[in-house]
Each structure stands twice: as C-alpha cells, then as structure tokens.
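Asks: My questions all concern the structure below.
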Amino acid sequence: MELIKETICDDTLYILREYYHLNTEPLYAAISDDCVWLSIGNLLVSGAAAIKEQLRTGLDVMPPFELEDPVFRRIETGSDGQLMVLGEYILYASEKADLICTVKQRATFCYRKEKEGFRLYHMHVSNEYNELVGDEVFPVQITHRTYQYVQQLLRESRKNNNCRLTVKENGAVSFIETGMLQYIQALERESILHMVNEKRQIQTSIKELEPELPSCFYRLHRSYFVNCNYVEKIERYKLTLITGEELPIPKMRYMQIRNDITEMIQRNSGRG
C-alpha cells in the first residue's frame, strides 16, 4: 500500500483494524527493515524479521477484535520526510472470539520517507496502565470498561428483561439487576451475589431469592444458582463462566445439569 501525507491517519487506522482482524499483510507492507515495536507489557522488538516472528506467535493466541471510536491525528514534525500519527480507540472482542473483553488503547506510529515511499519505523501501542492485572500483557480480566461492555451486551440481547431482585442489605432494601448477576452463592441464612464488577453479601437467603429469579437462572445444587447467560463451558465436573471462574457440578447430577443448561442456552439463543 502507498502511504502518503494526506491520508496517513486513515492508512494507520486501516493497518490497525486489519491487524486486529488477524490480517497482518498491510502492516508487513508498511514497516521498514529496522522498525522498532514497543508494545504492551514492556515488549520491545527491533527489526522487521523479529517483529513478524513475534506477531506470528502472538496471533496464534490472540482472538479477533473489533475497533471502534477511533480518534487519529497527525503531528507536525517539522520535516517533510517524517510523519507521526497519534491515535486512541476502543477494542472489543469479536463475536468470533471465545471471551468477552474490551479495553481502551493508544498508538503512536512514526513514518519516514524512503526510496519506495513512507515506511513505518517506530510503533508504540499501550493500554491504560491500571487495566493490566498481574503478569498480563493484554487485559483479559473483567475491568470497569468490560463491565460497561457486558451491560451493553445484555441491553442489546434483552436477556435481563429489566428484572430486579429486592434484597435486604445492611439494614436497607436494595434492588439488583439480575442481568448483572453471574451467580448466587448460599451463605447460611444470607447470600453472596457474584456480579460482573463486585461481590455483595445480602441478608436474604437463596430460598427467598429463588421465586424472583428469571428463567435464565439454574440451580446447580443447594449452594449455587447460576445465570446461564454467563456460562461458557460445562465439563466433568465443573462449569466455567465467561470470566474464567469455575463452579463445581455434583457428579451424580452431571448429565442432567449439562443437558438442562444446554437446552436453556439454546432456547434463549433461538436455537431450541
């Protein structure tokens, strides 16, 4: 692809969008032999060959992403032979991905004029620092932005049906949106609500909550109700949520639970 001053912001956006669709060809066509890539998790790679190898390895584990709300601007460098583009955008996991994740990113792309036209010699991509957890190089934990994204998904799918639970909490009455509940855990005469962004202990028993729960909730056993909209996988003898958290399944009821939840999910998605 030909990179020119007048369209360099659009060209940079195109390169990034294709990369997050797991197509690296536009990027490969743009980088210089001595390009330097500074990325998330203090990753520093020098040279086109090394960058291509790093990307090849990374794309084996990276899911496809969609890019939205891009804001890109060209920075004047004072040189006709240099171009700099600063950008920020929001990434969210594609429907083809096996996870729910979204994050705000920033990018700096620097180009210089070579014999064959402008080529990329420096690129820097970063996440907001507080969204990385532990040794992550890409934030896959549920963050505040992911919480907002899940809210959006639930609104669009209408799976929450605007249903609220009425619960007793710290001497007051609270109203909890069931769409934000991943699962409920019994705690003697109280309950723990495991929500997308927090855990809340309430003074209402799981037995009292049961009549108020919408049809997407399933009782795994005496201690747990799970929201099937958050179920990612069922195997012997555990259930995995989209956040990666695992809940135990009683061995004697494994087949029944697997079949029941599969039927519920298929019915809710219109395949049953």
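In the structure tokens, each chain is lettered A, B, ... as it comes, each chain's residues begin at 1, and ligands are numbered from 1 in order of appearance.
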Which neighbours of A:Arg222 fall inside 10 Å, counting only C-alpha atoms, when residues of the same chain fewer than 2 positions from it are skipped, and could you give them as a ChimeraX atom specification?
Replies: /A:185-186,206-207,219-220,224-225
Asks: Measuring between only C-alpha atoms, which one of A:Tyr28, A:Asp80, A:Leu239, A:Lys168 shows the shortest distance to A:Glu208?
Replies: A:Lys168
Asks: Please determine, counting only C-alpha atoms, which residue among A:Tyr111, A:Thr12, A:Gly117, A:Thr77 has the shortest atom-to-atom distance to A:Cys35.
Replies: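 Of all the options, A:Tyr111 lies closest to A:Cys35.
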Asks: Distance atom CA of A:Leu91-atom CA of A:Gln105, one decimal place?
Replies: 7.3 Å
Asks: Give me the residues within 10 Å of A:Arg112 as a ChimeraX atom specification, counting only C-alpha atoms and dropping any in the same chain fewer than 2 places off.
Replies: /A:32,79-84,110,114,117-122
Asks: Residues near A:Leu213, anyone? I mean within 10 Å using only C-alpha atoms, not counting same-chain ones fewer than 3 positions away, as a VMD selection string.
Replies: chain A and resid 163 to 165 178 208 to 210 216 to 218 225 227
Asks: Could you jot down the atom CA of A:Thr204 to atom CA of A:Ser223 separation for me, Å, one decimal place?
Replies: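 Interatomic distance here is 13.6 Å.
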Asks: I'd like to know which of A:Glu88, A:Glu25, A:Asp260, A:Glu235 is closest to A:Val71, using only C-alpha atoms.
Replies: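 Comparing A:Glu88, A:Glu25, A:Asp260, A:Glu235 against A:Val71, the winner is A:Glu88.
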Asks: Rounded to one decimal, what separation in Å do you get between atom CA of A:Ala49 and atom CA of A:Trp37?
Replies: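 One can read the atom CA of A:Ala49 to atom CA of A:Trp37 distance as 11.6 Å.
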